[in-house]
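Structure record follows, encoded as structure tokens.
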Amino acid sequence: MTKLSDRMYVLAESETLAMSKKSAELKAQGLDIINLSIGEPDFNTPDVIKTGAKKAIDDNFTHYTPVAGYKDLREAIAKKLKRENNLDYAFDQIVVSTGAKHSIANTMLCLVNPGEEVIVPSPYWVSYREIVKLAEGKSVFIKTSLENDFKITAKQLEAAITPKTKLMIFSSPSNPTGFIYTKEELKAIAEVVAKHENLYIISDEIYEHINYVGKHESIAQFDFIKDRVILVNGVSKGYAMTGWRIGYVAAPKWVAQGIEKLQGQFTSGTCSIAQRAALTALTGDQSAVGEMREKFRKRRDLVVNLIKEIPTIKTNTPQGAFYVFADFSHYFGKSDGTTKIKDANDLTFWLLEKAQVAMVSGDAFGDPNCIRLSYATSDELLVKAIQRIKEALGKLK
Ligand code: PMP
Ligand code: GLU
């Protein structure tokens, strides 16, 4: 009998990656699918970073790397955190891993005991929920709504805390919603955290550089809780380096040491060439980051304006990342004469078939009224995709 471990039956497949895979399969069959499912910049990695990687190969950065990452890369990350975020971290508080996803999984496995609770504001990024399961923790979701730009309040956080709460995890700018917590909102959350000495926060800041409303605010800036914040970031989104797989944590030293120990038994230090490329990215000319952000901003405006022409779809204007998370519930219960749409899952699959546009059902992120669209693709494809969605939706009565 072939049987996977019990944990594999509880673990769900990543729905963002599953939808992207499905879209690639349909494209390979010759269908003209527009893929707005995956959240990754369509830009190529800037040339200067690629040159850094090529040089690393020639310079023989081909051996095992220190488990926590090259020292000069960890120092460059500490400098970045000072330069861009005014945060003080020593290099030994930083651990480099195989993408921000890996940094999150490491942290969760290091901090959460079986049965402990992890507070997850909902909608949330798909992998948070599953990583909590792998750590045998229990997700406690805090529901938010479009009216409040999908943000939790300090009061909601206070109400969700129990003696079993160990962690809270959130992203700002947020995947899937695109909204950003203000400094005041973060401070109010930090004040609640301060009252509960066993509560830690994973602050996922991977979309830091894709922010259209101002400067990035990290919850680690509040000194009275900084020793309970595990800041997660990386180079995937801001530098268009998703395939290089470099993420990191900046954390209290004992957490960093725990992560290093775990990583030493699991993956070892991450790829040498990718680390040198990340070092080039963080220490070199930063202009590409701003240029990509401005392109994303134009696309955000384009997509939101087109969606607002469809009054049955409810959405606010997102402030960062590259997603629109919109409420399509108007169409639930409607039919094209053959298929009746029950929920966002049905509608996402129906739109994939009828409009040939791949998106991700809000259900994957904890909000069954919504669908997530990634606008990290060309203007031309975005215009075409929204036109197709509009035409298809017109058939539902
Ligand atoms: N956090 C969020 C909110 C994300 O959207 C992503 C994107 N995959 C990650 C973490 C993981 O980033 P990485 O590709 O560096 O693993
Ligand atoms: N973060 C991206 C997304 O949400 C990439 C896919 C993934 O790792 O989930 O689409």
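We label chains A, B, ... in the order they appear in the structure tokens, count residues from 1 in each chain, and number ligands from 1 in the order shown.
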Within 9 Å of ligand 1, counting only C-alpha atoms and all ligand atoms: which residues, as a compact mmCIF listing (two decimals) with all heavy atoms, in the first residue's frame?
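Done, and the output landed in pocket.txt:
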```txt
# COMPACT_ATOMS: atom_id res chain seq x y z
N THR A 16 -2.62 29.30 -5.58
CA THR A 16 -2.07 30.27 -6.55
C THR A 16 -1.24 29.51 -7.58
O THR A 16 -1.38 29.72 -8.79
CB THR A 16 -1.18 31.29 -5.83
OG1 THR A 16 -0.32 30.60 -4.92
CG2 THR A 16 -2.00 32.31 -5.08
N ILE A 38 -1.08 34.17 -11.15
CA ILE A 38 0.13 34.16 -10.32
C ILE A 38 0.58 35.59 -9.99
O ILE A 38 0.46 36.49 -10.80
CB ILE A 38 1.28 33.40 -11.03
CG1 ILE A 38 2.49 33.21 -10.12
CG2 ILE A 38 1.72 34.10 -12.29
CD1 ILE A 38 2.56 31.88 -9.48
N GLY A 39 1.08 35.75 -8.77
CA GLY A 39 1.59 37.07 -8.37
C GLY A 39 3.08 37.12 -8.54
O GLY A 39 3.82 36.83 -7.61
N GLU A 40 3.52 37.46 -9.75
CA GLU A 40 4.97 37.67 -9.91
C GLU A 40 5.21 38.72 -10.97
O GLU A 40 4.50 38.76 -11.98
CB GLU A 40 5.71 36.36 -10.23
CG GLU A 40 5.65 35.90 -11.63
CD GLU A 40 6.74 34.85 -11.93
OE1 GLU A 40 7.88 34.97 -11.44
OE2 GLU A 40 6.42 33.92 -12.67
N SER A 97 17.23 32.78 3.48
CA SER A 97 16.63 31.47 3.16
C SER A 97 16.21 31.41 1.70
O SER A 97 16.38 32.37 0.95
CB SER A 97 15.41 31.22 4.07
OG SER A 97 15.82 31.21 5.42
N THR A 98 15.59 30.29 1.33
CA THR A 98 15.21 30.05 -0.06
C THR A 98 13.85 30.69 -0.37
O THR A 98 12.85 30.00 -0.53
CB THR A 98 15.23 28.52 -0.31
OG1 THR A 98 16.49 28.03 0.16
CG2 THR A 98 15.10 28.20 -1.78
N GLY A 99 13.83 32.01 -0.39
CA GLY A 99 12.58 32.74 -0.63
C GLY A 99 11.91 33.12 0.69
O GLY A 99 12.14 32.49 1.74
N ALA A 100 11.07 34.15 0.62
CA ALA A 100 10.35 34.61 1.81
C ALA A 100 9.42 33.51 2.33
O ALA A 100 9.16 33.41 3.53
CB ALA A 100 9.56 35.88 1.49
N LYS A 101 8.93 32.67 1.42
CA LYS A 101 8.04 31.57 1.82
C LYS A 101 8.79 30.65 2.79
O LYS A 101 8.25 30.24 3.82
CB LYS A 101 7.61 30.80 0.57
CG LYS A 101 6.53 29.78 0.78
CD LYS A 101 6.20 29.06 -0.52
CE LYS A 101 5.15 29.77 -1.34
NZ LYS A 101 4.75 29.05 -2.56
N HIS A 102 10.03 30.37 2.46
CA HIS A 102 10.86 29.51 3.31
C HIS A 102 11.14 30.21 4.65
O HIS A 102 11.10 29.56 5.72
CB HIS A 102 12.16 29.20 2.56
CG HIS A 102 13.05 28.22 3.24
ND1 HIS A 102 14.40 28.21 3.08
CD2 HIS A 102 12.78 27.21 4.12
CE1 HIS A 102 14.94 27.24 3.81
NE2 HIS A 102 13.97 26.63 4.44
N SER A 103 11.37 31.51 4.61
CA SER A 103 11.61 32.27 5.86
C SER A 103 10.39 32.17 6.77
O SER A 103 10.52 32.01 7.99
CB SER A 103 11.88 33.75 5.55
OG SER A 103 13.02 33.88 4.74
N ILE A 104 9.20 32.24 6.18
CA ILE A 104 7.97 32.16 6.97
C ILE A 104 7.82 30.75 7.56
O ILE A 104 7.53 30.58 8.75
CB ILE A 104 6.74 32.53 6.10
CG1 ILE A 104 6.81 34.01 5.71
CG2 ILE A 104 5.43 32.21 6.82
CD1 ILE A 104 5.84 34.42 4.61
N TYR A 124 -6.04 36.37 3.70
CA TYR A 124 -4.62 36.14 3.99
C TYR A 124 -3.97 35.51 2.76
O TYR A 124 -4.66 34.98 1.88
CB TYR A 124 -4.50 35.17 5.17
CG TYR A 124 -5.44 33.99 5.04
CD1 TYR A 124 -5.13 32.92 4.21
CD2 TYR A 124 -6.71 33.99 5.66
CE1 TYR A 124 -6.02 31.86 4.04
CE2 TYR A 124 -7.59 32.93 5.49
CZ TYR A 124 -7.24 31.87 4.67
OH TYR A 124 -8.12 30.84 4.47
N TRP A 125 -2.66 35.55 2.74
CA TRP A 125 -1.96 34.87 1.63
C TRP A 125 -2.08 33.35 1.84
O TRP A 125 -1.89 32.86 2.95
CB TRP A 125 -0.50 35.30 1.58
CG TRP A 125 0.27 34.61 0.50
CD1 TRP A 125 -0.10 34.44 -0.81
CD2 TRP A 125 1.54 33.98 0.64
NE1 TRP A 125 0.86 33.75 -1.49
CE2 TRP A 125 1.88 33.45 -0.63
CE3 TRP A 125 2.43 33.80 1.69
CZ2 TRP A 125 3.07 32.77 -0.87
CZ3 TRP A 125 3.61 33.12 1.46
CH2 TRP A 125 3.92 32.61 0.19
N VAL A 126 -2.41 32.63 0.78
CA VAL A 126 -2.72 31.19 0.84
C VAL A 126 -1.79 30.35 1.72
O VAL A 126 -2.25 29.46 2.44
CB VAL A 126 -2.68 30.49 -0.56
CG1 VAL A 126 -4.00 30.49 -1.21
CG2 VAL A 126 -1.61 31.05 -1.45
N SER A 127 -0.51 30.62 1.62
CA SER A 127 0.44 29.71 2.26
C SER A 127 0.48 29.86 3.78
O SER A 127 0.91 28.94 4.47
CB SER A 127 1.83 29.89 1.66
OG SER A 127 1.79 29.45 0.32
N TYR A 128 0.03 30.99 4.32
CA TYR A 128 0.06 31.15 5.78
C TYR A 128 -0.71 30.01 6.46
O TYR A 128 -0.23 29.35 7.37
CB TYR A 128 -0.59 32.46 6.24
CG TYR A 128 0.09 33.74 5.81
CD1 TYR A 128 -0.59 34.96 5.90
CD2 TYR A 128 1.41 33.76 5.35
CE1 TYR A 128 0.02 36.16 5.53
CE2 TYR A 128 2.01 34.95 4.97
CZ TYR A 128 1.31 36.15 5.07
OH TYR A 128 1.89 37.32 4.71
N PHE A 170 0.88 38.66 9.26
CA PHE A 170 0.14 39.50 8.31
C PHE A 170 1.12 40.11 7.30
O PHE A 170 2.33 40.16 7.55
CB PHE A 170 -0.64 40.59 9.04
CG PHE A 170 0.20 41.76 9.50
CD1 PHE A 170 0.05 43.02 8.93
CD2 PHE A 170 1.14 41.59 10.50
CE1 PHE A 170 0.83 44.09 9.37
CE2 PHE A 170 1.93 42.66 10.94
CZ PHE A 170 1.76 43.91 10.37
N SER A 171 0.56 40.56 6.17
CA SER A 171 1.39 41.22 5.17
C SER A 171 0.87 42.62 4.90
O SER A 171 -0.33 42.84 4.82
CB SER A 171 1.43 40.42 3.86
OG SER A 171 0.15 40.27 3.30
N SER A 172 1.79 43.56 4.82
CA SER A 172 1.44 44.94 4.46
C SER A 172 2.62 45.52 3.71
O SER A 172 3.72 45.54 4.27
CB SER A 172 1.15 45.76 5.72
OG SER A 172 0.86 47.10 5.39
N PRO A 173 2.44 45.96 2.46
CA PRO A 173 1.27 45.84 1.60
C PRO A 173 0.80 44.38 1.52
O PRO A 173 1.60 43.47 1.56
CB PRO A 173 1.79 46.31 0.23
CG PRO A 173 2.96 47.19 0.53
CD PRO A 173 3.56 46.66 1.77
N SER A 174 -0.53 44.25 1.41
CA SER A 174 -1.12 42.91 1.55
C SER A 174 -1.29 42.16 0.23
O SER A 174 -1.73 42.71 -0.77
CB SER A 174 -2.50 43.06 2.20
OG SER A 174 -3.31 41.94 1.91
N ASN A 175 -0.94 40.89 0.28
CA ASN A 175 -1.41 39.93 -0.70
C ASN A 175 -2.50 39.16 0.05
O ASN A 175 -2.19 38.62 1.12
CB ASN A 175 -0.26 39.00 -1.11
CG ASN A 175 -0.69 37.92 -2.10
OD1 ASN A 175 -1.82 37.92 -2.56
ND2 ASN A 175 0.22 37.01 -2.40
N PRO A 176 -3.73 39.10 -0.39
CA PRO A 176 -4.24 39.40 -1.73
C PRO A 176 -4.87 40.78 -1.92
O PRO A 176 -5.25 41.09 -3.03
CB PRO A 176 -5.35 38.35 -1.87
CG PRO A 176 -5.95 38.28 -0.50
CD PRO A 176 -4.77 38.44 0.43
N ASP A 204 5.21 40.31 7.31
CA ASP A 204 5.63 39.93 5.95
C ASP A 204 5.63 41.20 5.10
O ASP A 204 4.58 41.74 4.77
CB ASP A 204 4.63 38.88 5.43
CG ASP A 204 4.94 38.41 4.03
OD1 ASP A 204 5.80 39.00 3.36
OD2 ASP A 204 4.30 37.43 3.60
N GLU A 205 6.85 41.64 4.76
CA GLU A 205 7.00 42.93 4.07
C GLU A 205 7.54 42.75 2.65
O GLU A 205 8.20 43.63 2.11
CB GLU A 205 7.89 43.84 4.94
CG GLU A 205 7.31 43.97 6.34
CD GLU A 205 8.08 44.88 7.31
OE1 GLU A 205 8.94 45.66 6.87
OE2 GLU A 205 7.80 44.78 8.53
N ILE A 206 7.22 41.61 2.05
CA ILE A 206 7.77 41.27 0.74
C ILE A 206 7.33 42.27 -0.35
O ILE A 206 8.01 42.44 -1.35
CB ILE A 206 7.43 39.80 0.36
CG1 ILE A 206 8.23 39.31 -0.85
CG2 ILE A 206 5.96 39.60 0.13
CD1 ILE A 206 9.65 38.98 -0.59
N TYR A 207 6.19 42.95 -0.14
CA TYR A 207 5.74 43.94 -1.15
C TYR A 207 6.15 45.36 -0.80
O TYR A 207 5.61 46.33 -1.35
CB TYR A 207 4.21 43.87 -1.35
CG TYR A 207 3.80 42.57 -1.98
CD1 TYR A 207 3.36 41.50 -1.20
CD2 TYR A 207 3.91 42.36 -3.35
CE1 TYR A 207 3.03 40.29 -1.75
CE2 TYR A 207 3.59 41.15 -3.92
CZ TYR A 207 3.14 40.12 -3.12
OH TYR A 207 2.84 38.92 -3.69
N VAL A 232 9.93 39.67 7.84
CA VAL A 232 10.25 38.84 6.67
C VAL A 232 10.27 39.72 5.43
O VAL A 232 9.36 40.53 5.22
CB VAL A 232 9.19 37.72 6.49
CG1 VAL A 232 9.41 36.97 5.17
CG2 VAL A 232 9.22 36.75 7.65
N ASN A 233 11.31 39.57 4.65
CA ASN A 233 11.37 40.30 3.39
C ASN A 233 12.23 39.48 2.42
O ASN A 233 12.60 38.34 2.73
CB ASN A 233 11.93 41.71 3.63
CG ASN A 233 11.48 42.72 2.58
OD1 ASN A 233 11.19 42.36 1.43
ND2 ASN A 233 11.41 43.99 2.95
N GLY A 234 12.52 40.04 1.27
CA GLY A 234 13.30 39.30 0.28
C GLY A 234 13.46 40.15 -0.96
O GLY A 234 13.13 41.33 -0.95
N VAL A 235 13.95 39.52 -2.03
CA VAL A 235 14.18 40.29 -3.25
C VAL A 235 13.20 39.91 -4.37
O VAL A 235 13.23 40.51 -5.44
CB VAL A 235 15.64 40.12 -3.74
CG1 VAL A 235 16.61 40.78 -2.78
CG2 VAL A 235 16.00 38.66 -3.95
N SER A 236 12.32 38.94 -4.10
CA SER A 236 11.48 38.40 -5.17
C SER A 236 10.64 39.44 -5.91
O SER A 236 10.63 39.49 -7.13
CB SER A 236 10.52 37.34 -4.61
OG SER A 236 11.24 36.30 -4.02
N LYS A 237 9.94 40.26 -5.15
CA LYS A 237 8.96 41.15 -5.80
C LYS A 237 9.59 42.47 -6.22
O LYS A 237 9.46 42.89 -7.37
CB LYS A 237 7.77 41.41 -4.87
CG LYS A 237 7.22 40.18 -4.17
CD LYS A 237 6.43 39.27 -5.07
CE LYS A 237 6.07 38.00 -4.32
NZ LYS A 237 5.18 37.13 -5.03
N MET A 241 12.90 39.16 -8.89
CA MET A 241 13.83 38.03 -8.73
C MET A 241 13.13 36.80 -8.16
O MET A 241 13.69 36.09 -7.32
CB MET A 241 14.99 38.45 -7.81
CG MET A 241 15.92 39.47 -8.44
SD MET A 241 17.25 39.97 -7.31
CE MET A 241 18.26 38.49 -7.24
N THR A 242 11.92 36.54 -8.61
CA THR A 242 11.15 35.43 -8.02
C THR A 242 11.86 34.08 -8.16
O THR A 242 11.82 33.26 -7.25
CB THR A 242 9.74 35.34 -8.65
OG1 THR A 242 9.89 35.43 -10.07
CG2 THR A 242 8.83 36.45 -8.18
N GLY A 243 12.51 33.86 -9.30
CA GLY A 243 13.12 32.55 -9.53
C GLY A 243 14.43 32.33 -8.79
O GLY A 243 14.90 31.20 -8.70
N TRP A 244 15.02 33.39 -8.26
CA TRP A 244 16.32 33.25 -7.60
C TRP A 244 16.17 32.65 -6.20
O TRP A 244 17.11 32.09 -5.66
CB TRP A 244 17.00 34.63 -7.49
CG TRP A 244 17.26 35.28 -8.80
CD1 TRP A 244 16.37 35.98 -9.55
CD2 TRP A 244 18.49 35.28 -9.53
NE1 TRP A 244 16.98 36.44 -10.70
CE2 TRP A 244 18.28 36.02 -10.70
CE3 TRP A 244 19.75 34.73 -9.29
CZ2 TRP A 244 19.28 36.23 -11.64
CZ3 TRP A 244 20.75 34.95 -10.22
CH2 TRP A 244 20.51 35.68 -11.38
N ARG A 245 15.02 32.82 -5.62
CA ARG A 245 14.68 32.23 -4.31
C ARG A 245 15.56 32.75 -3.18
O ARG A 245 16.31 31.99 -2.54
CB ARG A 245 14.73 30.69 -4.36
CG ARG A 245 13.98 30.03 -5.51
CD ARG A 245 12.53 30.45 -5.65
NE ARG A 245 11.74 30.21 -4.47
CZ ARG A 245 10.95 31.14 -3.94
NH1 ARG A 245 10.85 32.34 -4.48
NH2 ARG A 245 10.24 30.86 -2.88
N ILE A 246 15.45 34.04 -2.92
CA ILE A 246 16.16 34.62 -1.78
C ILE A 246 15.16 35.41 -0.91
O ILE A 246 14.53 36.37 -1.38
CB ILE A 246 17.29 35.58 -2.23
CG1 ILE A 246 18.40 34.81 -2.97
CG2 ILE A 246 17.87 36.32 -1.01
CD1 ILE A 246 19.30 33.94 -2.11
N GLY A 247 15.01 34.96 0.32
CA GLY A 247 14.22 35.70 1.30
C GLY A 247 15.03 35.79 2.58
O GLY A 247 16.09 35.15 2.69
N TYR A 248 14.56 36.57 3.53
CA TYR A 248 15.29 36.63 4.79
C TYR A 248 14.38 37.02 5.94
O TYR A 248 13.29 37.56 5.73
CB TYR A 248 16.48 37.62 4.70
CG TYR A 248 16.12 39.04 4.35
CD1 TYR A 248 15.69 39.97 5.31
CD2 TYR A 248 16.23 39.50 3.03
CE1 TYR A 248 15.38 41.28 4.98
CE2 TYR A 248 15.91 40.81 2.67
CZ TYR A 248 15.49 41.70 3.67
OH TYR A 248 15.17 42.98 3.34
N ALA A 321 1.27 46.36 -3.70
CA ALA A 321 1.36 45.02 -4.29
C ALA A 321 0.86 45.08 -5.74
O ALA A 321 0.82 46.18 -6.34
CB ALA A 321 0.63 43.98 -3.46
```
Near Arg293 in chain A, counting only C-alpha atoms, which residues have an atom at most 12 Å away, once you skip same-chain residues fewer than 4 positions from it, shown as a PyMOL selection string?
chain A and resi 41+43+207-214+237-240+286-289+297-300+319-322+376
Using only C-alpha atoms, which residues sit within 12 Å of Gly337 in chain A once same-chain residues fewer than 2 positions away are excluded, as an MDAnalysis selection string?
chainID A and resid 333:335 339:341 395:397
Quick one: DSSP strand (DSSP E or B) residues in range 60-141 of chain A, as a list in words?
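Checking each residue of range 60-141 of chain A, the strand (DSSP E or B) ones are Ile94, Val95, Val96, Ser97, Glu117, Val118, Ile119, Val120, Pro121, Ser122, Lys138, Ser139, Val140 and Phe141 of chain A.
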Keeping only C-alpha atoms, write the selected residues to a file as a PDB file, in the first residue's frame.
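Result went into again.pdb, see below:
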```
ATOM      1  CA  ILE A  94      19.490  38.008   9.932  1.00  0.00           C
ATOM      2  CA  VAL A  95      19.033  34.619   8.287  1.00  0.00           C
ATOM      3  CA  VAL A  96      18.861  34.236   4.521  1.00  0.00           C
ATOM      4  CA  SER A  97      16.629  31.472   3.161  1.00  0.00           C
ATOM      5  CA  GLU A 117      -2.808  29.485  18.007  1.00  0.00           C
ATOM      6  CA  VAL A 118      -1.684  31.726  15.182  1.00  0.00           C
ATOM      7  CA  ILE A 119      -3.778  34.794  14.447  1.00  0.00           C
ATOM      8  CA  VAL A 120      -4.258  35.318  10.730  1.00  0.00           C
ATOM      9  CA  PRO A 121      -6.161  38.382   9.510  1.00  0.00           C
ATOM     10  CA  SER A 122      -8.412  37.227   6.681  1.00  0.00           C
ATOM     11  CA  LYS A 138      -4.210  26.315  14.807  1.00  0.00           C
ATOM     12  CA  SER A 139      -5.076  29.315  12.637  1.00  0.00           C
ATOM     13  CA  VAL A 140      -7.448  31.800  14.230  1.00  0.00           C
ATOM     14  CA  PHE A 141      -8.825  34.000  11.488  1.00  0.00           C
TER      15      PHE A 141
END
```
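Using only C-alpha atoms for every distance, the candidate list A:Leu36, A:Leu351, A:Ala326, A:Leu373 yields A:Ala326 as the residue closest to Leu146 in chain A.
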A straight line from CA of Asn44 in chain A to CA of Phe179 in chain A spans 25.3 Å
Determine which residues of range 2-203 of chain A DSSP labels as alpha helix (DSSP H) from the backbone of this structure, then write them out as a ChimeraX atom specification.
/A:6-10,15-28,47-58,71-85,100-111,126-134,154-160,183-195
Out of A:Ser272, A:Gln387, A:Gln29, A:Ser14, which residue has the shortest atom-to-atom distance to Asn60 in chain A when counting only C-alpha atoms?
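Closest to Asn60 in chain A, using only C-alpha atoms: A:Ser272.
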Find the residues around range 153-164 of chain A up to 6 Å (only C-alpha atoms counted), leave out those fewer than 6 positions away in its own chain, and share them as a compact mmCIF listing (two decimals) with all heavy atoms, in the first residue's frame.
```txt
# COMPACT_ATOMS: atom_id res chain seq x y z
N GLU A 116 -0.85 25.36 19.48
CA GLU A 116 -0.80 26.81 19.74
C GLU A 116 -1.50 27.57 18.60
O GLU A 116 -1.56 27.11 17.46
CB GLU A 116 0.65 27.27 19.92
CG GLU A 116 1.19 26.87 21.29
CD GLU A 116 2.60 27.34 21.56
OE1 GLU A 116 3.39 27.55 20.62
OE2 GLU A 116 2.94 27.46 22.75
N GLU A 117 -1.99 28.74 18.97
CA GLU A 117 -2.81 29.49 18.01
C GLU A 117 -2.00 30.56 17.28
O GLU A 117 -1.15 31.23 17.88
CB GLU A 117 -3.99 30.13 18.74
CG GLU A 117 -4.95 29.07 19.26
CD GLU A 117 -6.08 29.63 20.10
OE1 GLU A 117 -6.16 30.86 20.29
OE2 GLU A 117 -6.90 28.82 20.58
N ALA A 188 -1.33 50.99 16.90
CA ALA A 188 -2.44 50.48 17.72
C ALA A 188 -2.33 48.96 17.88
O ALA A 188 -2.57 48.41 18.97
CB ALA A 188 -3.77 50.87 17.07
N ILE A 189 -1.94 48.28 16.80
CA ILE A 189 -1.75 46.82 16.87
C ILE A 189 -0.58 46.50 17.80
O ILE A 189 -0.66 45.62 18.67
CB ILE A 189 -1.53 46.24 15.45
CG1 ILE A 189 -2.84 46.31 14.66
CG2 ILE A 189 -1.02 44.80 15.50
CD1 ILE A 189 -2.74 45.96 13.21
```
Show me, as number ranges by chain, the residues that have an atom within 7 Å of Phe91 in chain A when counting only C-alpha atoms, minus same-chain residues fewer than 2 positions from it.
A: 74-75, 78, 89, 93-94
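Nearest-residue note for ligand 2: choosing from A:Ala281, A:Ile131, A:Val112, A:Ile49, the minimum distance belongs to A:Ile131, counting only C-alpha atoms and all ligand atoms.
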Write out as a PyMOL selection string each polymer residue whose atoms come within 9 Å of Gln257 in chain A, counting only C-alpha atoms; drop sequence neighbours fewer than 3 positions from it.
chain A and resi 68+92-93+95+252-254+260-262
Just give me the gap between CA of Gln221 in chain A and CA of Leu186 in chain A in Å, one decimal is fine.
9.5 Å
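Using only C-alpha atoms, the smallest distance between any of A:Leu231, A:Ile225, A:Met1, A:Met19 and Asn345 in chain A comes from A:Met19.
Minimum atom-to-atom distances from A:Thr348, A:Ser203, A:Asn35, A:Thr2 to ligand 2 were compared using only C-alpha atoms and all ligand atoms, and the lowest value belongs to A:Asn35.
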Restricting the calculation to only C-alpha atoms, which member of A:Ser5, A:Thr45, A:Thr338, A:Thr177 is positioned closest to Met292 in chain A?
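Looking at the shortest contact to Met292 in chain A, the residue is A:Thr45.
Relative to CA of Lys21 in chain A, CA of Val357 in chain A is found at 13.3 Å.
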